[in-house]
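The structure file data21.cif is reproduced below (mmCIF, C-alpha atoms).
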data_work
loop_
_atom_site.label_atom_id
_atom_site.label_comp_id
_atom_site.auth_asym_id
_atom_site.auth_seq_id
_atom_site.Cartn_x
_atom_site.Cartn_y
_atom_site.Cartn_z
CA MET O 1 40.20 -7.81 -21.89
CA THR O 2 37.69 -9.91 -19.99
CA THR O 3 37.57 -10.50 -16.27
CA HIS O 4 37.25 -14.16 -15.27
CA VAL O 5 35.12 -14.88 -12.19
CA HIS O 6 36.22 -18.05 -10.42
CA GLU O 7 33.47 -19.95 -8.59
CA ARG O 8 34.00 -22.83 -6.17
CA PRO O 9 31.86 -25.95 -6.98
CA SER O 10 29.65 -26.83 -4.01
CA GLY O 11 26.76 -28.89 -5.36
CA ARG O 12 24.06 -28.25 -7.91
CA ARG O 13 21.62 -26.37 -5.64
CA THR O 14 24.29 -24.09 -4.19
CA ALA O 15 25.69 -23.46 -7.65
CA CYS O 16 22.25 -22.47 -8.91
CA ARG O 17 21.77 -20.09 -6.01
CA THR O 18 25.21 -18.62 -6.63
CA ALA O 19 24.45 -18.16 -10.30
CA ARG O 20 21.13 -16.46 -9.53
CA ALA O 21 22.73 -14.25 -6.87
CA GLY O 22 25.53 -13.36 -9.27
CA ALA O 23 23.04 -12.47 -12.00
CA VAL O 24 21.13 -10.25 -9.58
CA LEU O 25 24.35 -8.54 -8.47
CA VAL O 26 25.44 -7.92 -12.04
CA ALA O 27 22.00 -6.52 -12.87
CA LEU O 28 22.10 -4.22 -9.84
CA CYS O 29 25.59 -3.07 -10.72
CA THR O 30 24.42 -2.29 -14.23
CA LEU O 31 21.59 -0.18 -12.87
CA LEU O 32 23.57 1.54 -10.12
CA ALA O 33 26.40 3.56 -11.64
CA GLY O 34 28.43 3.62 -8.45
CA CYS O 35 28.44 -0.13 -7.89
CA GLY O 36 31.53 -2.04 -8.94
CA LEU O 37 32.26 -5.74 -9.15
CA SER O 38 34.62 -6.87 -6.38
CA TRP O 39 36.27 -9.76 -8.22
CA ALA O 40 39.77 -9.03 -9.43
CA GLU O 41 42.27 -10.80 -11.62
CA ASP O 42 45.92 -10.88 -10.62
CA MET O 43 48.66 -9.22 -12.62
CA ASP O 44 52.34 -10.00 -12.11
CA VAL O 45 55.63 -8.53 -13.27
CA ALA O 46 56.39 -9.36 -16.90
CA TRP O 47 59.69 -7.49 -16.94
CA ASP O 48 61.58 -4.80 -15.02
CA THR O 49 64.25 -2.31 -16.02
CA PRO O 50 67.28 -2.06 -13.71
CA VAL O 51 67.17 0.40 -10.82
CA ASP O 52 68.34 3.87 -11.84
CA ARG O 53 70.42 6.16 -9.64
CA ARG O 54 69.19 9.37 -8.09
CA ALA O 55 68.59 12.31 -10.42
CA GLU O 56 68.15 16.06 -10.48
CA PRO O 57 64.56 17.38 -10.73
CA GLN O 58 64.67 18.54 -14.36
CA GLY O 59 64.33 17.09 -17.83
CA GLU O 60 62.28 14.14 -16.61
CA GLY O 61 59.54 12.36 -18.55
CA ALA O 62 58.43 9.08 -20.15
CA TRP O 63 56.67 8.18 -23.41
CA LEU O 64 55.55 5.18 -25.45
CA SER O 65 56.15 5.49 -29.19
CA GLY O 66 55.35 2.41 -31.25
CA ASP O 67 57.30 -0.44 -29.65
CA THR O 68 59.77 1.83 -27.84
CA LEU O 69 59.56 3.25 -24.33
CA VAL O 70 61.64 6.39 -23.80
CA HIS O 71 62.74 7.72 -20.41
CA SER O 72 64.31 11.14 -19.89
CA ARG O 73 66.25 12.56 -16.93
CA PHE O 74 68.68 15.43 -16.45
CA ASP O 75 71.77 13.50 -17.58
CA ALA O 76 70.48 10.96 -20.10
CA VAL O 77 67.65 9.87 -22.40
CA ARG O 78 67.21 6.13 -22.90
CA GLY O 79 65.09 3.95 -25.15
CA TYR O 80 63.77 0.51 -24.12
CA ASP O 81 62.09 -2.34 -25.99
CA ALA O 82 58.45 -2.19 -24.85
CA SER O 83 58.08 -5.96 -25.22
CA THR O 84 61.10 -7.01 -23.15
CA GLY O 85 62.32 -3.97 -21.20
CA GLU O 86 65.79 -4.29 -22.72
CA ARG O 87 67.63 -1.03 -23.30
CA ARG O 88 68.04 -0.17 -26.98
CA TRP O 89 69.92 3.12 -26.90
CA GLU O 90 71.14 6.04 -24.79
CA TYR O 91 71.70 9.72 -25.49
CA ALA O 92 73.87 11.70 -23.04
CA PRO O 93 74.29 15.48 -23.29
CA PRO O 94 77.93 16.45 -23.76
CA GLY O 95 80.23 17.66 -21.00
CA ARG O 96 78.49 19.27 -18.05
CA SER O 97 75.38 20.23 -19.98
CA ALA O 98 72.05 18.88 -18.71
CA VAL O 99 68.65 18.15 -20.19
CA CYS O 100 66.30 20.99 -19.21
CA HIS O 101 63.04 19.72 -20.68
CA ALA O 102 61.83 16.97 -23.01
CA THR O 103 58.65 16.37 -24.97
CA ALA O 104 57.65 14.02 -27.77
CA ASP O 105 55.67 13.65 -30.97
CA THR O 106 55.06 9.94 -30.44
CA GLY O 107 53.25 9.55 -33.76
CA ALA O 108 56.33 10.80 -35.63
CA PHE O 109 58.73 8.86 -33.33
CA VAL O 110 60.57 12.06 -32.35
CA LEU O 111 61.63 13.34 -28.94
CA VAL O 112 62.50 17.05 -28.70
CA LEU O 113 64.64 18.22 -25.80
CA THR O 114 66.27 21.42 -24.66
CA ARG O 115 69.67 21.28 -22.99
CA ASP O 116 72.57 23.49 -22.06
CA ALA O 117 74.87 24.49 -24.89
CA ASP O 118 77.61 21.99 -25.81
CA GLY O 119 79.76 21.13 -22.83
CA ALA O 120 78.55 24.10 -20.77
CA SER O 121 77.07 23.98 -17.30
CA ALA O 122 73.76 25.67 -16.60
CA SER O 123 75.55 28.49 -14.80
CA ALA O 124 77.44 29.53 -17.94
CA LYS O 125 76.10 32.88 -19.11
CA GLY O 126 73.74 32.56 -22.09
CA LYS O 127 74.32 28.82 -22.29
CA ALA O 128 71.57 27.48 -20.01
CA CYS O 129 68.99 25.49 -21.97
CA ALA O 130 70.10 27.18 -25.19
CA THR O 131 70.19 24.14 -27.47
CA VAL O 132 67.29 22.17 -28.98
CA VAL O 133 67.90 18.58 -30.07
CA ALA O 134 65.54 16.16 -31.82
CA LEU O 135 66.09 12.41 -31.42
CA ASP O 136 64.59 9.46 -33.28
CA MET O 137 62.78 7.56 -30.52
CA ARG O 138 63.37 4.22 -32.25
CA ASN O 139 67.18 4.32 -32.19
CA GLY O 140 68.32 7.49 -30.36
CA ARG O 141 69.84 9.00 -33.50
CA GLU O 142 70.11 12.78 -33.51
CA LEU O 143 67.89 14.15 -36.29
CA TRP O 144 68.64 17.85 -36.03
CA ARG O 145 69.88 20.53 -33.67
CA GLY O 146 68.89 24.16 -33.21
CA THR O 147 69.01 27.07 -30.80
CA HIS O 148 66.50 28.15 -28.19
CA SER O 149 65.91 31.79 -27.28
CA ALA O 150 67.45 32.70 -23.96
CA THR O 151 64.85 32.93 -21.22
CA ASP O 152 64.49 36.23 -19.39
CA PRO O 153 64.69 35.32 -15.67
CA GLY O 154 61.80 37.68 -14.99
CA SER O 155 59.48 35.82 -17.38
CA SER O 156 60.64 32.22 -16.85
CA ARG O 157 57.22 31.17 -15.53
CA LEU O 158 55.53 32.30 -18.74
CA ARG O 159 58.36 31.19 -21.01
CA PRO O 160 60.17 28.22 -19.48
CA PRO O 161 63.06 26.73 -21.47
CA GLU O 162 60.97 24.18 -23.34
CA ALA O 163 59.47 23.26 -26.69
CA SER O 164 56.22 21.50 -27.57
CA ALA O 165 55.76 18.80 -30.19
CA GLY O 166 52.99 16.96 -32.01
CA ALA O 167 51.28 16.54 -35.39
CA GLY O 168 54.63 16.68 -37.20
CA LEU O 169 55.69 19.99 -35.63
CA ALA O 170 58.10 21.23 -32.99
CA VAL O 171 57.07 24.66 -31.66
CA LEU O 172 59.65 26.94 -30.06
CA PRO O 173 59.68 30.45 -28.59
CA LYS O 174 61.98 32.44 -30.86
CA ASP O 175 62.94 36.12 -30.64
CA ASP O 176 59.77 37.14 -28.76
CA GLY O 177 57.72 35.11 -31.24
CA LEU O 178 56.54 31.56 -31.69
CA SER O 179 58.02 29.46 -34.50
CA ALA O 180 57.31 25.97 -35.81
CA VAL O 181 59.72 23.59 -37.54
CA ASP O 182 59.27 20.16 -39.09
CA VAL O 183 59.74 17.79 -36.18
CA ARG O 184 61.81 15.26 -38.18
CA THR O 185 63.96 17.62 -40.26
CA GLY O 186 64.09 20.87 -38.28
CA LYS O 187 63.19 22.88 -41.39
CA PRO O 188 61.23 26.09 -40.65
CA ARG O 189 57.48 25.88 -41.23
CA TRP O 190 56.03 29.16 -39.96
CA LYS O 191 56.14 32.00 -37.46
CA ALA O 192 52.91 32.55 -35.56
CA ALA O 193 50.80 35.64 -36.18
CA LEU O 194 50.61 36.88 -32.58
CA PRO O 195 47.94 39.33 -31.42
CA LYS O 196 49.31 42.83 -31.02
CA GLY O 197 50.86 43.56 -27.64
CA CYS O 198 51.27 39.89 -26.67
CA VAL O 199 54.34 37.86 -25.72
CA PRO O 200 54.09 34.06 -26.17
CA GLY O 201 54.70 31.51 -23.44
CA ARG O 202 54.03 27.78 -23.08
CA SER O 203 52.51 25.98 -26.06
CA ALA O 204 50.84 22.66 -26.83
CA VAL O 205 50.31 20.97 -30.21
CA ALA O 206 47.36 18.94 -31.50
CA ALA O 207 46.21 17.79 -34.92
CA HIS O 208 43.99 20.80 -35.64
CA ARG O 209 45.55 23.59 -33.58
CA VAL O 210 48.62 24.87 -31.81
CA ALA O 211 47.61 26.42 -28.50
CA ALA O 212 49.73 28.95 -26.61
CA LEU O 213 49.59 31.01 -23.47
CA LEU O 214 50.21 34.72 -24.01
CA ALA O 215 51.00 37.69 -21.79
CA CYS O 216 48.95 40.53 -23.22
CA GLY O 217 48.36 44.23 -22.54
CA GLY O 218 49.47 46.17 -19.52
CA THR O 219 51.00 49.62 -19.09
CA ASP O 220 52.95 49.32 -15.84
CA ASN O 221 56.45 48.89 -17.26
CA PRO O 222 58.89 51.37 -15.69
CA TRP O 223 61.95 49.23 -16.39
CA GLY O 224 61.23 48.43 -20.02
CA ASP O 225 60.74 44.71 -19.45
CA LYS O 226 59.38 42.48 -22.19
CA VAL O 227 56.18 41.98 -20.21
CA PRO O 228 54.50 44.83 -18.26
CA ARG O 229 53.84 44.02 -14.63
CA ASP O 230 50.06 44.37 -15.08
CA ALA O 231 49.80 42.21 -18.22
CA GLU O 232 47.24 39.41 -18.07
CA LEU O 233 47.22 35.83 -19.26
CA HIS O 234 45.48 35.02 -22.54
CA VAL O 235 45.23 31.81 -24.55
CA ALA O 236 45.36 31.58 -28.34
CA ALA O 237 45.02 28.95 -31.06
CA PHE O 238 46.98 28.93 -34.32
CA SER O 239 46.69 26.95 -37.54
CA PRO O 240 49.21 24.07 -37.48
CA ALA O 241 49.58 24.45 -41.27
CA THR O 242 50.36 28.17 -41.49
CA GLY O 243 50.64 29.67 -38.00
CA ALA O 244 47.66 31.94 -38.70
CA LEU O 245 45.77 33.09 -35.62
CA LEU O 246 42.51 31.17 -35.25
CA TRP O 247 41.32 32.87 -32.06
CA SER O 248 42.52 34.38 -28.80
CA ALA O 249 40.77 35.12 -25.51
CA PRO O 250 41.54 36.19 -21.94
CA LEU O 251 42.16 32.98 -20.01
CA GLY O 252 39.88 33.91 -17.12
CA GLY O 253 37.11 35.53 -19.14
CA ARG O 254 35.77 38.37 -17.00
CA THR O 255 38.29 37.52 -14.26
CA VAL O 256 41.77 38.91 -14.81
CA ILE O 257 44.50 36.29 -14.33
CA PRO O 258 48.00 37.81 -13.96
CA TRP O 259 50.48 36.80 -16.64
CA ASP O 260 52.93 35.30 -14.13
CA THR O 261 50.48 32.92 -12.47
CA SER O 262 51.10 29.17 -12.37
CA ALA O 263 49.44 27.79 -15.53
CA ALA O 264 49.91 24.75 -17.77
CA PHE O 265 48.09 22.95 -20.57
CA VAL O 266 46.14 19.82 -19.75
CA ALA O 267 45.17 19.40 -23.41
CA ALA O 268 45.36 21.27 -26.71
CA GLU O 269 42.35 19.64 -28.37
CA PRO O 270 40.08 20.72 -26.80
CA VAL O 271 42.08 23.53 -25.20
CA VAL O 272 42.15 23.01 -21.43
CA VAL O 273 44.42 24.98 -19.09
CA ALA O 274 44.94 24.48 -15.34
CA ALA O 275 45.73 27.84 -13.72
CA SER O 276 45.92 29.39 -10.28
CA SER O 277 44.04 32.62 -9.73
CA SER O 278 47.41 34.28 -9.04
CA GLY O 279 50.94 33.12 -8.35
CA ASP O 280 50.98 29.62 -6.88
CA SER O 281 47.61 29.96 -5.17
CA ASP O 282 45.60 26.85 -4.35
CA ILE O 283 42.60 28.78 -5.68
CA GLY O 284 42.08 28.46 -9.41
CA ALA O 285 40.32 26.44 -12.09
CA TYR O 286 40.46 24.43 -15.28
CA TYR O 287 39.65 26.79 -18.16
CA SER O 288 38.42 25.19 -21.39
CA PHE O 289 37.43 26.55 -24.79
CA GLY O 290 35.34 25.38 -27.71
CA GLY O 291 36.73 24.97 -31.20
CA ASP O 292 35.86 28.59 -32.03
CA GLY O 293 37.50 29.95 -28.87
CA ARG O 294 34.28 30.41 -26.95
CA PRO O 295 35.03 29.88 -23.24
CA ASN O 296 33.23 27.20 -21.25
CA PRO O 297 32.34 27.67 -17.58
CA PRO O 298 35.47 27.07 -15.47
CA ILE O 299 35.85 23.99 -13.29
CA ASP O 300 37.03 25.40 -9.98
CA PHE O 301 39.73 23.56 -8.05
CA SER O 302 37.41 23.50 -5.04
CA GLY O 303 33.68 22.86 -4.86
CA SER O 304 30.98 20.54 -3.58
CA TYR O 305 32.83 17.77 -5.44
CA GLY O 306 35.95 18.20 -3.26
CA GLU O 307 39.34 19.82 -3.72
CA ILE O 308 41.76 19.38 -6.62
CA THR O 309 45.23 19.95 -5.18
CA ARG O 310 48.19 21.51 -6.96
CA ASP O 311 49.94 18.13 -7.05
CA SER O 312 47.00 16.48 -8.82
CA ARG O 313 45.94 19.19 -11.30
CA LEU O 314 47.96 17.80 -14.18
CA THR O 315 46.95 14.18 -13.53
CA ALA O 316 43.63 15.07 -15.19
CA VAL O 317 42.86 13.55 -18.60
CA VAL O 318 40.53 14.95 -21.24
CA ASP O 319 38.44 13.68 -24.15
CA ASP O 320 36.30 15.70 -26.57
CA THR O 321 33.65 16.62 -24.01
CA ARG O 322 34.85 15.73 -20.51
CA LEU O 323 37.64 16.13 -17.97
CA TYR O 324 38.47 13.32 -15.53
CA VAL O 325 40.26 13.92 -12.23
CA ALA O 326 40.12 12.76 -8.60
CA PRO O 327 39.27 15.55 -6.12
CA ARG O 328 39.88 14.89 -2.43
CA HIS O 329 37.36 15.10 0.41
CA ARG O 330 38.13 15.68 4.08
CA VAL O 331 36.19 13.32 6.32
CA ARG O 332 36.18 12.57 10.03
CA ASN O 333 39.51 12.79 11.92
CA SER O 334 40.88 14.87 9.01
CA ARG O 335 41.23 11.75 6.87
CA LEU O 336 41.33 12.27 3.12
CA GLN O 337 39.35 10.31 0.57
CA PHE O 338 39.52 10.73 -3.18
CA ARG O 339 36.66 10.34 -5.65
CA LEU O 340 37.28 9.96 -9.36
CA THR O 341 34.96 12.42 -11.11
CA ALA O 342 33.99 13.20 -14.71
CA PHE O 343 33.21 16.84 -15.49
CA ASP O 344 31.28 18.08 -18.51
CA LEU O 345 33.46 20.73 -20.17
CA ALA O 346 30.42 22.50 -21.64
CA THR O 347 28.80 23.09 -18.24
CA GLY O 348 31.66 22.71 -15.74
CA SER O 349 29.51 20.31 -13.69
CA PRO O 350 30.13 16.70 -12.63
CA VAL O 351 28.55 14.01 -14.82
CA TRP O 352 29.39 11.14 -12.48
CA GLY O 353 31.40 10.96 -9.30
CA GLY O 354 31.76 14.16 -7.33
CA THR O 355 30.38 13.01 -3.96
CA LEU O 356 31.65 10.77 -1.18
CA ASP O 357 28.81 8.35 -1.83
CA ASP O 358 29.61 8.04 -5.55
CA ASP O 359 32.79 6.02 -5.30
CA ARG O 360 33.96 4.44 -8.56
CA LEU O 361 37.21 3.04 -7.12
CA ASP O 362 35.92 1.28 -3.97
CA GLY O 363 37.80 3.59 -1.62
CA ASP O 364 41.09 3.37 -3.55
CA THR O 365 43.14 6.51 -4.17
CA SER O 366 43.73 7.24 -7.84
CA ASP O 367 47.41 7.75 -8.73
CA GLU O 368 47.55 7.93 -12.53
CA LEU O 369 44.89 7.99 -15.26
CA LEU O 370 45.00 6.84 -18.88
CA LEU O 371 42.27 7.56 -21.41
CA GLN O 372 42.67 5.38 -24.49
CA ASP O 373 40.60 3.30 -26.92
CA GLY O 374 37.32 4.13 -25.22
CA GLU O 375 38.51 3.09 -21.76
CA LEU O 376 39.45 5.08 -18.66
CA THR O 377 42.18 3.25 -16.75
CA ALA O 378 43.08 4.24 -13.19
CA LEU O 379 46.10 2.97 -11.26
CA ALA O 380 44.95 3.29 -7.66
CA TRP O 381 46.04 2.43 -4.13
CA SER O 382 44.35 0.96 -1.08
CA ARG O 383 46.79 1.29 1.82
CA ASP O 384 49.90 -0.41 0.38
CA GLU O 385 48.08 -2.42 -2.28
CA ALA O 386 47.90 -1.35 -5.93
CA ARG O 387 44.94 -2.08 -8.17
CA LEU O 388 44.07 -1.30 -11.76
CA HIS O 389 40.51 -0.17 -12.48
CA VAL O 390 39.23 -0.11 -16.07
CA LEU O 391 36.09 2.04 -16.40
CA ASP O 392 33.59 3.09 -19.04
CA PRO O 393 34.30 6.84 -19.34
CA ALA O 394 30.70 7.54 -20.40
CA THR O 395 29.09 6.13 -17.25
CA GLY O 396 31.92 5.50 -14.80
CA ALA O 397 30.89 1.83 -14.57
CA ARG O 398 33.77 -0.53 -13.99
CA ARG O 399 34.58 -3.01 -16.73
CA GLU O 400 37.60 -4.78 -15.22
CA LEU O 401 39.62 -4.90 -11.99
CA PHE O 402 43.15 -6.18 -11.47
CA ASP O 403 45.30 -6.71 -8.37
CA LEU O 404 48.97 -5.79 -8.75
CA PRO O 405 51.92 -7.10 -6.70
CA ASP O 406 52.46 -5.58 -3.25
CA ASP O 407 55.80 -3.98 -4.13
CA VAL O 408 54.54 -1.64 -6.87
CA ASP O 409 56.23 1.76 -6.59
CA LEU O 410 54.30 4.97 -7.11
CA ALA O 411 53.85 5.84 -10.78
CA ASP O 412 54.36 9.03 -12.79
CA ALA O 413 52.71 7.73 -15.98
CA ILE O 414 51.05 4.56 -17.23
CA PHE O 415 50.81 3.03 -20.71
CA THR O 416 49.30 -0.08 -22.25
CA HIS O 417 51.27 -2.17 -24.74
CA HIS O 418 50.05 -5.48 -26.18
CA HIS O 419 47.58 -6.02 -23.30
CA ARG O 420 50.22 -5.24 -20.68
CA LEU O 421 50.31 -2.38 -18.22
CA VAL O 422 53.56 -0.39 -18.24
CA VAL O 423 54.29 1.82 -15.22
CA ALA O 424 56.79 4.68 -15.70
CA ARG O 425 58.65 6.47 -12.92
CA TYR O 426 60.70 9.65 -13.07
CA GLY O 427 59.46 11.96 -10.30
CA ALA O 428 61.11 10.14 -7.38
CA TYR O 429 64.47 11.72 -8.14
CA GLN O 430 65.62 11.78 -4.49
CA HIS O 431 66.17 8.02 -4.36
CA PRO O 432 66.88 5.21 -6.84
CA TYR O 433 63.94 3.88 -8.88
CA ARG O 434 63.09 1.58 -11.77
CA PRO O 435 62.26 3.65 -14.89
CA PHE O 436 59.73 1.08 -16.21
CA THR O 437 57.93 -2.05 -15.06
CA ALA O 438 55.51 -4.08 -17.17
CA TYR O 439 52.69 -6.13 -15.67
CA ALA O 440 50.71 -8.93 -17.32
CA ARG O 441 47.87 -11.23 -16.31
CA ASP O 442 48.90 -14.36 -14.46
#

Serialized structure, structure tokens:
Amino acid sequence: MTTHVHERPSGRRTACRTARAGAVLVALCTLLAGCGLSWAEDMDVAWDTPVDRRAEPQGEGAWLSGDTLVHSRFDAVRGYDASTGERRWEYAPPGRSAVCHATADTGAFVLVLTRDADGASASAKGKACATVVALDMRNGRELWRGTHSATDPGSSRLRPPEASAGAGLAVLPKDDGLSAVDVRTGKPRWKAALPKGCVPGRSAVAAHRVAALLACGGTDNPWGDKVPRDAELHVAAFSPATGALLWSAPLGGRTVIPWDTSAAFVAAEPVVVAASSSGDSDIGAYYSFGGDGRPNPPIDFSGSYGEITRDSRLTAVVDDTRLYVAPRHRVRNSRLQFRLTAFDLATGSPVWGGTLDDDRLDGDTSDELLLQDGELTALAWSRDEARLHVLDPATGARRELFDLPDDVDLADAIFTHHHRLVVARYGAYQHPYRPFTAYARD
């Protein structure tokens, strides 16, 4: 996409001066990484989905798979035409059962969800989140159905009732192990070779590895629980072809991180985990690992580059060598300002951004990030106005800038489809919202 700069004709001499001044400004902005062009194109609503009713805070998510947008909430999963916003299909769990969690292998056009057993409410003993269902994202057809191991209430943080999907696999915790099935057929593929003394937790799938969090070691176990109270959190990588163990390592390196801390994958390739130091602490870091399992220096949630809050940890996006996120800075009168920053995974240090003076978004607050096709796209806010910044991820220099309509609701995910921006919403479950809105250039 190319930004068009509109100039007002005001005579030959003035036009020449304007052209020279513009050339100088562009040259300066090329030299100064933090300088961004102030001209913006307008984007307007191309289509809207109808307003959805309030929801419960579980089972929510949104994905783009081919030409289909899929939206999940506790009581329904729906597919929409990405070109028009028209609803194509709906899947509703039977009876009083609810969707617990949903994930997708968008390349294989499959959504994998966990839900309560047929017709049962979540309170029914042994029925909560006990069923796994795979849906074709193009038409909502059920592809296969399976069972999910019951979650021990004491280890629900390590082993929440969820699956992971990608690269043609669905990966499920099964009988204190980790099993993979074909994502389109449900046929068993392998059972992971876990390190001795480890219990698997959350997982994430990529083309060349399946990553998993593990609770390992520990001796303090007076009640015979599955996980000793002094176990620590490890991370491991498995072959997506066979389930063979590729490597495993303590998540915190020399620092012990308790097994029941708040931790989640940001990416599986490279492996990046966001984890508190213990429990739900604001103190913690992004922990990343090379292809051979060698740990990189952690990126702390707080440093000279600002503070990465719990609410924004998982808004980070990752490529092969960098992590992009927007830490906040406290300035005068306790005001908060956010600065989009790129961190080098190999060193843990900022590459660009990271200071109040290095502002890539012109004072806007980043809401959602998308890293795709060599571009870093940020949906950001300035007071009540929404703008879309398109940046070069290598340098942080801005390539394009767009103004969005004033009534844009906060976003939970963003996608691009045929040169349009699609905003997805699912986190505002306390009041009605539009699942998707598409924006196009005027």

Judged by only C-alpha atoms, the minimum distance to Lys196 of chain O among O:Leu245, O:Leu135, O:Leu379, O:Ala438 is found for O:Leu245

Which is closest to Thr395 of chain O among O:Tyr80, O:Tyr91, O:Tyr324, O:Phe415, if we use only C-alpha atoms? O:Tyr324

Residues picked by the PyMOL selection byres ((chain O and resi 283) around 10) here, as a ChimeraX atom specification? /O:275-282,284-285,300-302,307-310

Counting all atoms listed in the file, what are the residues of segment 93-179 of chain O within 7 Å of segment 63-74 of chain O, and for each of them which pair of atoms is the nearest and at what distance in Å, to one decimal? Sort the table by chain and rising number, as JSON lines.
{"residue": "O:Ala98", "atom": "CA", "partner": "O:Phe74", "partner_atom": "CA", "distance": 5.3}
{"residue": "O:Val99", "atom": "CA", "partner": "O:Phe74", "partner_atom": "CA", "distance": 4.6}
{"residue": "O:Cys100", "atom": "CA", "partner": "O:Phe74", "partner_atom": "CA", "distance": 6.6}
{"residue": "O:Thr106", "atom": "CA", "partner": "O:Ser65", "partner_atom": "CA", "distance": 4.7}
{"residue": "O:Gly107", "atom": "CA", "partner": "O:Ser65", "partner_atom": "CA", "distance": 6.8}
{"residue": "O:Phe109", "atom": "CA", "partner": "O:Ser65", "partner_atom": "CA", "distance": 5.9}
{"residue": "O:Met137", "atom": "CA", "partner": "O:Val70", "partner_atom": "CA", "distance": 6.9}
{"residue": "O:Arg138", "atom": "CA", "partner": "O:Thr68", "partner_atom": "CA", "distance": 6.2}

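Atom CA of Glu375 of chain O to atom CA of Phe338 of chain O spans 20.1 Å [interatomic distance, one decimal].
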
Could you tell me, as an NGL selection string, exactly which residues end up selected when the PyMOL selection byres ((chain O and resi 225-239) around 9) is applied to this structure? :O and (152 or 154-155 or 176 or 192-195 or 198-199 or 208-224 or 240-252 or 256-261 or 268 or 271 or 273 or 293)

Keeping only C-alpha atoms, write the selected residues as a PDB file, in the coordinates of the input.
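Everything below was put into again_22.pdb:
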ATOM      1  CA  ASP O 152      64.490  36.230 -19.390  1.00  0.00           C
ATOM      2  CA  GLY O 154      61.800  37.680 -14.990  1.00  0.00           C
ATOM      3  CA  SER O 155      59.480  35.820 -17.380  1.00  0.00           C
ATOM      4  CA  ASP O 176      59.770  37.140 -28.760  1.00  0.00           C
ATOM      5  CA  ALA O 192      52.910  32.550 -35.560  1.00  0.00           C
ATOM      6  CA  ALA O 193      50.800  35.640 -36.180  1.00  0.00           C
ATOM      7  CA  LEU O 194      50.610  36.880 -32.580  1.00  0.00           C
ATOM      8  CA  PRO O 195      47.940  39.330 -31.420  1.00  0.00           C
ATOM      9  CA  CYS O 198      51.270  39.890 -26.670  1.00  0.00           C
ATOM     10  CA  VAL O 199      54.340  37.860 -25.720  1.00  0.00           C
ATOM     11  CA  HIS O 208      43.990  20.800 -35.640  1.00  0.00           C
ATOM     12  CA  ARG O 209      45.550  23.590 -33.580  1.00  0.00           C
ATOM     13  CA  VAL O 210      48.620  24.870 -31.810  1.00  0.00           C
ATOM     14  CA  ALA O 211      47.610  26.420 -28.500  1.00  0.00           C
ATOM     15  CA  ALA O 212      49.730  28.950 -26.610  1.00  0.00           C
ATOM     16  CA  LEU O 213      49.590  31.010 -23.470  1.00  0.00           C
ATOM     17  CA  LEU O 214      50.210  34.720 -24.010  1.00  0.00           C
ATOM     18  CA  ALA O 215      51.000  37.690 -21.790  1.00  0.00           C
ATOM     19  CA  CYS O 216      48.950  40.530 -23.220  1.00  0.00           C
ATOM     20  CA  GLY O 217      48.360  44.230 -22.540  1.00  0.00           C
ATOM     21  CA  GLY O 218      49.470  46.170 -19.520  1.00  0.00           C
ATOM     22  CA  THR O 219      51.000  49.620 -19.090  1.00  0.00           C
ATOM     23  CA  ASP O 220      52.950  49.320 -15.840  1.00  0.00           C
ATOM     24  CA  ASN O 221      56.450  48.890 -17.260  1.00  0.00           C
ATOM     25  CA  PRO O 222      58.890  51.370 -15.690  1.00  0.00           C
ATOM     26  CA  TRP O 223      61.950  49.230 -16.390  1.00  0.00           C
ATOM     27  CA  GLY O 224      61.230  48.430 -20.020  1.00  0.00           C
ATOM     28  CA  PRO O 240      49.210  24.070 -37.480  1.00  0.00           C
ATOM     29  CA  ALA O 241      49.580  24.450 -41.270  1.00  0.00           C
ATOM     30  CA  THR O 242      50.360  28.170 -41.490  1.00  0.00           C
ATOM     31  CA  GLY O 243      50.640  29.670 -38.000  1.00  0.00           C
ATOM     32  CA  ALA O 244      47.660  31.940 -38.700  1.00  0.00           C
ATOM     33  CA  LEU O 245      45.770  33.090 -35.620  1.00  0.00           C
ATOM     34  CA  LEU O 246      42.510  31.170 -35.250  1.00  0.00           C
ATOM     35  CA  TRP O 247      41.320  32.870 -32.060  1.00  0.00           C
ATOM     36  CA  SER O 248      42.520  34.380 -28.800  1.00  0.00           C
ATOM     37  CA  ALA O 249      40.770  35.120 -25.510  1.00  0.00           C
ATOM     38  CA  PRO O 250      41.540  36.190 -21.940  1.00  0.00           C
ATOM     39  CA  LEU O 251      42.160  32.980 -20.010  1.00  0.00           C
ATOM     40  CA  GLY O 252      39.880  33.910 -17.120  1.00  0.00           C
ATOM     41  CA  VAL O 256      41.770  38.910 -14.810  1.00  0.00           C
ATOM     42  CA  ILE O 257      44.500  36.290 -14.330  1.00  0.00           C
ATOM     43  CA  PRO O 258      48.000  37.810 -13.960  1.00  0.00           C
ATOM     44  CA  TRP O 259      50.480  36.800 -16.640  1.00  0.00           C
ATOM     45  CA  ASP O 260      52.930  35.300 -14.130  1.00  0.00           C
ATOM     46  CA  THR O 261      50.480  32.920 -12.470  1.00  0.00           C
ATOM     47  CA  ALA O 268      45.360  21.270 -26.710  1.00  0.00           C
ATOM     48  CA  VAL O 271      42.080  23.530 -25.200  1.00  0.00           C
ATOM     49  CA  VAL O 273      44.420  24.980 -19.090  1.00  0.00           C
ATOM     50  CA  GLY O 293      37.500  29.950 -28.870  1.00  0.00           C
TER      51      GLY O 293
END
